[in-house]
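To be precise, the following lines are work09.cif, and they hold mmCIF, C-alpha atoms and all ligand atoms.
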data_coords
loop_
_atom_site.group_PDB
_atom_site.id
_atom_site.type_symbol
_atom_site.label_atom_id
_atom_site.label_comp_id
_atom_site.auth_asym_id
_atom_site.auth_seq_id
_atom_site.Cartn_x
_atom_site.Cartn_y
_atom_site.Cartn_z
ATOM 1 C CA MET A 298 0.000 0.000 0.000
ATOM 2 C CA LYS A 299 2.724 2.399 1.029
ATOM 3 C CA SER A 300 4.871 1.598 -2.014
ATOM 4 C CA GLN A 301 1.945 2.241 -4.345
ATOM 5 C CA ILE A 302 1.637 5.740 -3.009
ATOM 6 C CA LEU A 303 5.350 6.240 -3.476
ATOM 7 C CA VAL A 304 5.149 5.103 -7.116
ATOM 8 C CA CYS A 305 2.314 7.545 -7.697
ATOM 9 C CA LEU A 306 4.294 10.339 -6.151
ATOM 10 C CA LEU A 307 7.362 9.489 -8.203
ATOM 11 C CA SER A 308 5.483 9.412 -11.491
ATOM 12 C CA PHE A 309 3.875 12.720 -10.613
ATOM 13 C CA LEU A 310 7.283 14.243 -9.999
ATOM 14 C CA LEU A 311 8.566 12.870 -13.296
ATOM 15 C CA VAL A 312 5.667 14.424 -15.168
ATOM 16 C CA ALA A 313 6.174 17.714 -13.384
ATOM 17 C CA CYS A 314 9.879 17.716 -14.218
ATOM 18 C CA GLY A 315 9.219 16.803 -17.815
ATOM 19 C CA GLN A 316 6.917 19.780 -18.190
ATOM 20 C CA GLN A 317 9.462 22.120 -16.732
ATOM 21 C CA ASN A 318 12.114 20.950 -19.148
ATOM 22 C CA SER A 319 9.944 21.321 -22.240
ATOM 23 C CA GLY A 320 11.347 24.759 -22.932
ATOM 24 C CA ASP A 321 15.016 23.810 -23.311
ATOM 25 C CA ALA A 322 16.939 23.908 -26.543
ATOM 26 C CA SER A 323 16.747 20.174 -27.285
ATOM 27 C CA SER A 324 12.951 20.197 -27.685
ATOM 28 C CA GLU A 325 11.308 22.908 -29.759
ATOM 29 C CA PRO A 326 8.401 24.401 -27.781
ATOM 30 C CA GLU A 327 5.120 23.742 -29.506
ATOM 31 C CA PRO A 328 3.494 26.794 -31.068
ATOM 32 C CA ALA A 329 0.879 28.220 -28.741
ATOM 33 C CA THR A 330 -2.449 29.048 -30.258
ATOM 34 C CA VAL A 331 -4.705 31.580 -28.655
ATOM 35 C CA GLU A 332 -7.792 33.132 -30.164
ATOM 36 C CA ILE A 333 -9.915 36.190 -29.523
ATOM 37 C CA SER A 334 -13.565 36.029 -30.506
ATOM 38 C CA ALA A 335 -16.847 37.877 -29.918
ATOM 39 C CA ALA A 336 -15.013 41.084 -28.992
ATOM 40 C CA VAL A 337 -17.362 43.996 -28.393
ATOM 41 C CA MET A 338 -17.173 47.477 -26.942
ATOM 42 C CA PRO A 339 -20.426 49.068 -25.775
ATOM 43 C CA GLN A 340 -20.648 52.512 -27.352
ATOM 44 C CA LEU A 341 -19.411 55.273 -25.054
ATOM 45 C CA PRO A 342 -21.882 57.836 -23.781
ATOM 46 C CA PRO A 343 -20.992 61.393 -24.870
ATOM 47 C CA GLY A 344 -18.178 62.914 -22.811
ATOM 48 C CA GLN A 345 -16.802 59.588 -21.599
ATOM 49 C CA SER A 346 -13.391 58.302 -22.639
ATOM 50 C CA THR A 347 -13.019 55.085 -20.631
ATOM 51 C CA ALA A 348 -14.474 52.050 -22.334
ATOM 52 C CA ALA A 349 -14.940 48.403 -21.464
ATOM 53 C CA VAL A 350 -14.286 45.621 -23.954
ATOM 54 C CA TYR A 351 -15.756 42.147 -23.576
ATOM 55 C CA LEU A 352 -14.489 39.100 -25.417
ATOM 56 C CA LYS A 353 -13.771 35.408 -25.385
ATOM 57 C CA LEU A 354 -10.140 34.348 -25.077
ATOM 58 C CA GLU A 355 -9.409 30.759 -25.960
ATOM 59 C CA ASN A 356 -6.088 29.169 -25.067
ATOM 60 C CA LYS A 357 -5.725 26.203 -27.411
ATOM 61 C CA SER A 358 -2.161 25.479 -26.398
ATOM 62 C CA ALA A 359 -0.811 23.084 -23.773
ATOM 63 C CA GLN A 360 0.760 25.871 -21.749
ATOM 64 C CA THR A 361 -0.524 28.478 -19.326
ATOM 65 C CA LEU A 362 -0.505 31.903 -20.922
ATOM 66 C CA VAL A 363 0.048 35.059 -18.902
ATOM 67 C CA ILE A 364 -1.184 38.378 -20.238
ATOM 68 C CA ASN A 365 1.631 40.866 -20.470
ATOM 69 C CA HIS A 366 0.362 43.778 -22.506
ATOM 70 C CA ILE A 367 -2.667 44.807 -24.530
ATOM 71 C CA VAL A 368 -2.386 47.038 -27.558
ATOM 72 C CA SER A 369 -4.956 48.797 -29.719
ATOM 73 C CA SER A 370 -5.043 51.667 -32.169
ATOM 74 C CA VAL A 371 -7.841 53.393 -30.220
ATOM 75 C CA SER A 372 -6.161 53.564 -26.782
ATOM 76 C CA ASP A 373 -2.629 53.919 -25.437
ATOM 77 C CA HIS A 374 -3.471 52.395 -22.077
ATOM 78 C CA ILE A 375 -5.415 49.157 -21.653
ATOM 79 C CA GLU A 376 -5.763 47.179 -18.427
ATOM 80 C CA VAL A 377 -7.365 43.906 -17.428
ATOM 81 C CA HIS A 378 -10.035 44.630 -14.825
ATOM 82 C CA ARG A 379 -12.220 42.450 -12.699
ATOM 83 C CA ASN A 380 -15.439 43.355 -10.948
ATOM 84 C CA ILE A 381 -15.507 42.204 -7.340
ATOM 85 C CA TYR A 382 -18.494 42.423 -5.050
ATOM 86 C CA GLN A 383 -17.113 43.583 -1.725
ATOM 87 C CA GLU A 384 -18.798 45.049 1.366
ATOM 88 C CA GLY A 385 -22.020 45.392 -0.547
ATOM 89 C CA VAL A 386 -20.445 47.379 -3.356
ATOM 90 C CA MET A 387 -19.368 46.330 -6.839
ATOM 91 C CA GLN A 388 -15.752 47.354 -7.230
ATOM 92 C CA MET A 389 -13.323 47.249 -10.132
ATOM 93 C CA ARG A 390 -9.831 45.959 -9.632
ATOM 94 C CA SER A 391 -6.914 46.091 -11.998
ATOM 95 C CA VAL A 392 -5.531 42.588 -12.566
ATOM 96 C CA ARG A 393 -1.885 42.406 -13.519
ATOM 97 C CA HIS A 394 -0.649 39.348 -15.368
ATOM 98 C CA ALA A 395 -3.948 37.504 -15.578
ATOM 99 C CA SER A 396 -3.309 33.915 -16.623
ATOM 100 C CA ILE A 397 -5.284 31.493 -18.716
ATOM 101 C CA ALA A 398 -4.898 27.764 -18.165
ATOM 102 C CA PRO A 399 -3.970 25.361 -20.990
ATOM 103 C CA ASN A 400 -6.860 24.386 -23.272
ATOM 104 C CA SER A 401 -9.308 26.667 -21.543
ATOM 105 C CA THR A 402 -11.449 29.679 -22.278
ATOM 106 C CA MET A 403 -11.395 32.925 -20.347
ATOM 107 C CA LEU A 404 -14.515 34.996 -20.610
ATOM 108 C CA PHE A 405 -14.404 38.759 -20.386
ATOM 109 C CA ALA A 406 -18.022 39.636 -19.649
ATOM 110 C CA PRO A 407 -20.090 42.198 -17.731
ATOM 111 C CA GLY A 408 -19.797 41.593 -13.979
ATOM 112 C CA GLY A 409 -16.467 39.775 -14.250
ATOM 113 C CA TYR A 410 -13.276 40.266 -16.182
ATOM 114 C CA HIS A 411 -13.152 43.014 -18.778
ATOM 115 C CA LEU A 412 -10.608 45.080 -20.616
ATOM 116 C CA MET A 413 -10.529 48.744 -19.650
ATOM 117 C CA LEU A 414 -9.497 51.144 -22.391
ATOM 118 C CA PHE A 415 -8.443 54.606 -21.233
ATOM 119 C CA ASP A 416 -8.559 57.817 -23.297
ATOM 120 C CA VAL A 417 -10.326 56.093 -26.144
ATOM 121 C CA ASN A 418 -10.228 57.875 -29.491
ATOM 122 C CA ASP A 419 -13.200 60.099 -30.161
ATOM 123 C CA GLY A 420 -15.574 59.329 -32.950
ATOM 124 C CA LEU A 421 -16.094 55.607 -32.521
ATOM 125 C CA ALA A 422 -19.632 54.881 -33.637
ATOM 126 C CA VAL A 423 -21.873 51.846 -33.492
ATOM 127 C CA GLY A 424 -20.833 49.463 -36.248
ATOM 128 C CA ASP A 425 -17.185 50.552 -36.222
ATOM 129 C CA HIS A 426 -14.398 48.014 -35.805
ATOM 130 C CA PHE A 427 -10.885 48.329 -34.453
ATOM 131 C CA PRO A 428 -7.952 45.951 -33.936
ATOM 132 C CA LEU A 429 -6.821 44.712 -30.539
ATOM 133 C CA THR A 430 -3.770 42.597 -29.709
ATOM 134 C CA ILE A 431 -3.208 40.727 -26.475
ATOM 135 C CA GLU A 432 0.462 39.969 -25.881
ATOM 136 C CA PHE A 433 1.449 37.167 -23.538
ATOM 137 C CA GLN A 434 4.674 36.467 -21.692
ATOM 138 C CA GLY A 435 7.008 34.566 -23.969
ATOM 139 C CA GLY A 436 5.980 36.490 -27.074
ATOM 140 C CA VAL A 437 2.709 34.769 -27.975
ATOM 141 C CA LYS A 438 0.129 37.170 -29.395
ATOM 142 C CA ALA A 439 -3.592 37.029 -30.039
ATOM 143 C CA GLU A 440 -5.086 39.439 -32.536
ATOM 144 C CA GLY A 441 -8.745 40.269 -32.686
ATOM 145 C CA THR A 442 -11.240 42.775 -33.989
ATOM 146 C CA VAL A 443 -13.552 44.653 -31.639
ATOM 147 C CA SER A 444 -16.917 45.846 -32.857
ATOM 148 C CA VAL A 445 -18.620 48.847 -31.305
ATOM 149 C CA GLU A 446 -22.161 48.030 -30.269
ATOM 150 C CA ALA A 447 -25.120 50.035 -29.006
ATOM 151 C CA ILE A 448 -25.606 50.015 -25.246
ATOM 152 C CA ALA A 449 -28.595 47.994 -24.196
ATOM 153 C CA PRO A 450 -31.359 50.341 -23.002
HETATM 154 CU CU CU A 501 -12.869 48.380 -15.437
#

As structure tokens, how would this structure be written, given the file I've shared?
Ligand SMILES: [Cu+2]
Amino acid sequence: MKSQILVCLLSFLLVACGQQNSGDASSEPEPATVEISAAVMPQLPPGQSTAAVYLKLENKSAQTLVINHIVSSVSDHIEVHRNIYQEGVMQMRSVRHASIAPNSTMLFAPGGYHLMLFDVNDGLAVGDHFPLTIEFQGGVKAEGTVSVEAIAP
């Protein structure tokens, strides 16, 4: 009984070590695939310049991806935010280096994670599209197109 547990533990350690070594020069790291879909920005009310973007981020690779930087032509400063219900109040927190597990989907949706775009370019109208790139640690990038949509009444 005891030795069985030990064997399990050993094989677990071997797997863990094998994963850690996958990035060395002898084995080419597999190309990570990550996709952005359903990216939308609710149209900004007049006079506002901070916009939220919602989207689906799908990590199709076998590695955890960590968001490093987000780039778009309509804003020079984009953060990952998360809504947290605390002490009876909905609060927004900036999340640095959000990570997405292998073969999983991260949803940016109202009430949860979202992208916050600061000083958004004027003149974005419903039906407009703009590019957005999410850069991950290690150089992997996901490119998507955000469509501006009317705010639900
Ligand atoms: Cu926010």

Within 9 Å of stretch 333-339 of chain A, counting only C-alpha atoms, which residues qualify if same-chain residues fewer than 2 places away don't, as a PyMOL selection string? chain A and resi 331+341+348-355+405+423+426+430-431+439-449

Within 12 Å of ligand CU 501 (chain A), counting all atoms listed in the file: which residues, as a PyMOL selection string? chain A and resi 347-351+375-381+387-392+405-415

Please, what distance in Å, to one decimal, runs between atom CA of A:Gly435 and atom CA of A:Thr402? 19.2 Å

Expansion of the PyMOL selection byres (((chain A and resi 433) around 12) and not hetatm) into residues, as a CSV table (one decimal) with C-alpha atoms, in the frame of the given file:
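To be explicit, this is the file written out as expr-v3.csv:
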chain,number,residue,atom,x,y,z
A,329,ALA,CA,0.9,28.2,-28.7
A,330,THR,CA,-2.4,29.0,-30.3
A,331,VAL,CA,-4.7,31.6,-28.7
A,356,ASN,CA,-6.1,29.2,-25.1
A,360,GLN,CA,0.8,25.9,-21.7
A,361,THR,CA,-0.5,28.5,-19.3
A,362,LEU,CA,-0.5,31.9,-20.9
A,363,VAL,CA,0.0,35.1,-18.9
A,364,ILE,CA,-1.2,38.4,-20.2
A,365,ASN,CA,1.6,40.9,-20.5
A,366,HIS,CA,0.4,43.8,-22.5
A,367,ILE,CA,-2.7,44.8,-24.5
A,368,VAL,CA,-2.4,47.0,-27.6
A,393,ARG,CA,-1.9,42.4,-13.5
A,394,HIS,CA,-0.6,39.3,-15.4
A,395,ALA,CA,-3.9,37.5,-15.6
A,396,SER,CA,-3.3,33.9,-16.6
A,397,ILE,CA,-5.3,31.5,-18.7
A,430,THR,CA,-3.8,42.6,-29.7
A,431,ILE,CA,-3.2,40.7,-26.5
A,432,GLU,CA,0.5,40.0,-25.9
A,434,GLN,CA,4.7,36.5,-21.7
A,435,GLY,CA,7.0,34.6,-24.0
A,436,GLY,CA,6.0,36.5,-27.1
A,437,VAL,CA,2.7,34.8,-28.0
A,438,LYS,CA,0.1,37.2,-29.4
A,439,ALA,CA,-3.6,37.0,-30.0
A,440,GLU,CA,-5.1,39.4,-32.5

Atom pair atom CA of A:Asp425 / atom CA of A:Gly344: separation (Å):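 Taking atom CA of A:Asp425 and atom CA of A:Gly344, their separation equals 18.3 Å.
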
Result set of the PyMOL selection byres (((chain A and resi 372) around 7) and not hetatm) on the coordinates above, as a list in words: Ser369, Ser370, Val371, Asp373, His374, Ile375, Leu414, Phe415, Asp416, Val417 and Asn418 of chain A

For atom CA of A:Leu404 and atom CA of A:Glu332, quote the distance in Å rounded to one decimal.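 These two atoms are separated by 11.8 Å.
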
For stretch 415-420 of chain A, what centre and edge lengths in Å (one decimal) does the axis-aligned box get once 5 Å is added on each side of all its listed atoms, as lines of an AutoDock Vina configuration file?
center_x = -12.0
center_y = 57.4
center_z = -27.1
size_x = 17.1
size_y = 15.5
size_z = 21.7

Could all heavy atoms be built for stretch 332-343 of chain A and written out as a compact mmCIF listing (two decimals), keeping the file's coordinate frame?
# COMPACT_ATOMS: atom_id res chain seq x y z
N GLU A 332 -6.86 32.44 -29.27
CA GLU A 332 -7.79 33.13 -30.16
C GLU A 332 -8.71 34.09 -29.42
O GLU A 332 -9.22 33.77 -28.34
CB GLU A 332 -8.67 32.11 -30.90
CG GLU A 332 -8.15 31.79 -32.29
CD GLU A 332 -9.00 30.73 -32.97
OE1 GLU A 332 -10.22 30.69 -32.72
OE2 GLU A 332 -8.42 29.96 -33.75
N ILE A 333 -8.94 35.22 -30.04
CA ILE A 333 -9.91 36.19 -29.52
C ILE A 333 -11.17 36.07 -30.38
O ILE A 333 -11.09 36.03 -31.60
CB ILE A 333 -9.37 37.63 -29.63
CG1 ILE A 333 -8.15 37.82 -28.73
CG2 ILE A 333 -10.46 38.65 -29.30
CD1 ILE A 333 -7.46 39.17 -28.91
N SER A 334 -12.33 36.01 -29.74
CA SER A 334 -13.56 36.03 -30.51
C SER A 334 -14.62 36.84 -29.76
O SER A 334 -14.47 37.13 -28.58
CB SER A 334 -14.05 34.61 -30.78
OG SER A 334 -14.29 33.94 -29.56
N ALA A 335 -15.68 37.17 -30.49
CA ALA A 335 -16.85 37.88 -29.92
C ALA A 335 -16.44 39.13 -29.15
O ALA A 335 -16.96 39.39 -28.06
CB ALA A 335 -17.67 36.94 -29.03
N ALA A 336 -15.49 39.89 -29.69
CA ALA A 336 -15.01 41.08 -28.99
C ALA A 336 -15.92 42.28 -29.28
O ALA A 336 -16.11 42.65 -30.44
CB ALA A 336 -13.58 41.40 -29.42
N VAL A 337 -16.47 42.85 -28.22
CA VAL A 337 -17.36 44.00 -28.39
C VAL A 337 -17.03 45.10 -27.39
O VAL A 337 -16.56 44.86 -26.28
CB VAL A 337 -18.86 43.61 -28.21
CG1 VAL A 337 -19.30 42.63 -29.27
CG2 VAL A 337 -19.11 43.06 -26.82
N MET A 338 -17.27 46.32 -27.83
CA MET A 338 -17.17 47.48 -26.94
C MET A 338 -18.51 48.20 -26.96
O MET A 338 -18.94 48.67 -28.01
CB MET A 338 -16.08 48.44 -27.44
CG MET A 338 -15.87 49.63 -26.53
SD MET A 338 -14.84 50.91 -27.30
CE MET A 338 -16.10 52.15 -27.61
N PRO A 339 -19.20 48.27 -25.81
CA PRO A 339 -20.43 49.07 -25.78
C PRO A 339 -20.10 50.52 -26.10
O PRO A 339 -19.11 51.05 -25.60
CB PRO A 339 -20.92 48.92 -24.33
CG PRO A 339 -20.25 47.70 -23.81
CD PRO A 339 -18.92 47.63 -24.52
N GLN A 340 -20.90 51.13 -26.94
CA GLN A 340 -20.65 52.51 -27.35
C GLN A 340 -20.56 53.43 -26.13
O GLN A 340 -21.33 53.30 -25.18
CB GLN A 340 -21.77 52.99 -28.26
CG GLN A 340 -21.52 54.36 -28.85
CD GLN A 340 -22.78 54.96 -29.47
OE1 GLN A 340 -23.90 54.63 -29.07
NE2 GLN A 340 -22.60 55.82 -30.43
N LEU A 341 -19.60 54.35 -26.17
CA LEU A 341 -19.41 55.27 -25.05
C LEU A 341 -20.47 56.36 -25.05
O LEU A 341 -20.78 56.93 -26.10
CB LEU A 341 -18.04 55.94 -25.16
CG LEU A 341 -16.85 55.13 -24.67
CD1 LEU A 341 -15.57 55.93 -24.89
CD2 LEU A 341 -17.00 54.79 -23.20
N PRO A 342 -21.00 56.66 -23.88
CA PRO A 342 -21.88 57.84 -23.78
C PRO A 342 -21.07 59.10 -24.08
O PRO A 342 -19.86 59.11 -23.84
CB PRO A 342 -22.35 57.82 -22.32
CG PRO A 342 -21.97 56.50 -21.78
CD PRO A 342 -20.82 56.00 -22.60
N PRO A 343 -21.72 60.15 -24.56
CA PRO A 343 -20.99 61.39 -24.87
C PRO A 343 -20.21 61.89 -23.66
O PRO A 343 -20.69 61.83 -22.53
CB PRO A 343 -22.12 62.38 -25.23
CG PRO A 343 -23.27 61.52 -25.62
CD PRO A 343 -23.16 60.26 -24.83
